[in-house]
Structure formats: structure tokens, C-alpha cells
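See structure below.
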Amino acid sequence: MPGVSGGRFVRVSAEFENGLTDAALLSPFLRYNRCVSLKLYLVSCDLLTAGDYASFKSRLRTFEARQVLVNQWALHSTHSAKELKEILRQFLDDGDRIVVTEVGAERSSRRALCNLAEM
């Protein structure tokens, strides 16, 4: 899609689209969502409280996040960085830190736990 770099897109299946009535296809919601851009984000944390953070890591798995460094994960989402921060901070201690950053088209890593270039 022109104007969007480095993003992935989710397309509505042809079977779903073919089953819709003409009136449904005119819906602004359906027209907007025919092709939704998934942005790549890095979630970085300072986990300062002793604990296993199982619920936090479980929530990251629901986003299909991949661990990049010890306390850093990469994930694709339609949410904004602020929305992701608010969703994830619910699973952190009040003293912990979290930074959510959108990743641009150019990215590189060395010895990371996953290859960002392939995401």
C-alpha cells in the first residue's frame, strides 16, 4: 500500500467479502477494515520488582510478541504505542518502567533473540 513502509496488512478473505450484501460493503467500517495496517513495535521494560511476571508475559503472548532482548519484545499491532503501554502496564508493578516504540522500515540487530529484519 503506498505511503506505508515496513507494515504488514491483514486482508479480509474473498469468501467473507463475497458473502456480504452490497449494503454491507458500503459500510464505512467494512471499507476501512478491508486492509488494516499492522505496525511493528518494540516493548522495553525495566522489571524492578522481584517476581516472575507470568501474567505480563502471558499478555505479550496474546500479541504473538517475540522476545528480542532480556526485557524487550517485538510485536505487530493495530493499537497505538500509547494504547499498548496502557494495556501492558496493568500487568507491571507500579515501580517498573515500560517504553513502547514504533519501529520504522529500517532496522538491524546483532545477536538478538529474534531477527527484527524478518518481522
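Residue numbering restarts at 1 for every chain of the C-alpha cells, chains are lettered A, B, ... in their displayed order, and ligands are numbered from 1 as they appear.
DSSP annotation of range 65-103 of chain A from backbone atoms: helix (DSSP H, G or I) residues are Ala81, Lys82, Glu83, Leu84, Lys85, Glu86, Ile87, Leu88 and Arg89 of chain A.
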Mind writing the picked residues with N, CA and C atoms as an mmCIF file, in the first residue's frame?
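Output file again_39.cif is given in full below:
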```cif
data_model
loop_
_atom_site.group_PDB
_atom_site.id
_atom_site.type_symbol
_atom_site.label_atom_id
_atom_site.label_comp_id
_atom_site.auth_asym_id
_atom_site.auth_seq_id
_atom_site.Cartn_x
_atom_site.Cartn_y
_atom_site.Cartn_z
ATOM 1 N N ALA A 81 1.088 3.137 20.162
ATOM 2 C CA ALA A 81 2.089 2.895 21.205
ATOM 3 C C ALA A 81 1.496 3.214 22.579
ATOM 4 N N LYS A 82 0.759 4.298 22.679
ATOM 5 C CA LYS A 82 0.145 4.686 23.954
ATOM 6 C C LYS A 82 -0.869 3.640 24.413
ATOM 7 N N GLU A 83 -1.677 3.130 23.494
ATOM 8 C CA GLU A 83 -2.662 2.098 23.843
ATOM 9 C C GLU A 83 -1.971 0.822 24.330
ATOM 10 N N LEU A 84 -0.909 0.416 23.630
ATOM 11 C CA LEU A 84 -0.164 -0.776 24.051
ATOM 12 C C LEU A 84 0.441 -0.590 25.440
ATOM 13 N N LYS A 85 1.002 0.597 25.691
ATOM 14 C CA LYS A 85 1.576 0.882 27.012
ATOM 15 C C LYS A 85 0.512 0.752 28.087
ATOM 16 N N GLU A 86 -0.670 1.304 27.848
ATOM 17 C CA GLU A 86 -1.752 1.241 28.836
ATOM 18 C C GLU A 86 -2.240 -0.190 29.048
ATOM 19 N N ILE A 87 -2.290 -0.971 27.993
ATOM 20 C CA ILE A 87 -2.712 -2.378 28.101
ATOM 21 C C ILE A 87 -1.698 -3.160 28.932
ATOM 22 N N LEU A 88 -0.416 -2.990 28.629
ATOM 23 C CA LEU A 88 0.630 -3.798 29.256
ATOM 24 C C LEU A 88 0.978 -3.358 30.669
ATOM 25 N N ARG A 89 0.860 -2.083 30.971
ATOM 26 C CA ARG A 89 1.250 -1.588 32.302
ATOM 27 C C ARG A 89 0.369 -2.152 33.400
#
```
Spatial neighbours of range 56-64 of chain A, max dist 7 Å, only C-alpha atoms, sep filter under 4 positions, as JSON, numbers by chain: {"A": [75, 88, 91, 92]}
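Pairwise distance (CA of Asp52 in chain A, CA of Trp73 in chain A) equals 16.0 Å.
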Open item on the list: Excluding range 96-102 of chain A and its own-chain neighbours fewer than 2 positions away, which residues fall within 12 Å of it when counting only C-alpha atoms? Please give them as a count of residues only.
Closed with: 47
#### Entry: CA of Ser55 in chain A to CA of Cys114 in chain A, distance in Å rounded to a single decimal
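Computing it gives 21.7 Å between the two atoms.
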What separates CA of Ser109 in chain A and CA of Gln67 in chain A is a distance of 12.8 Å
Query raised in the report: Please, which residues of range 55-106 of chain A, numbered as in this document, come out strand (DSSP E or B) from DSSP, as a ChimeraX atom specification?
Result: /A:66-69,72-77,97-102
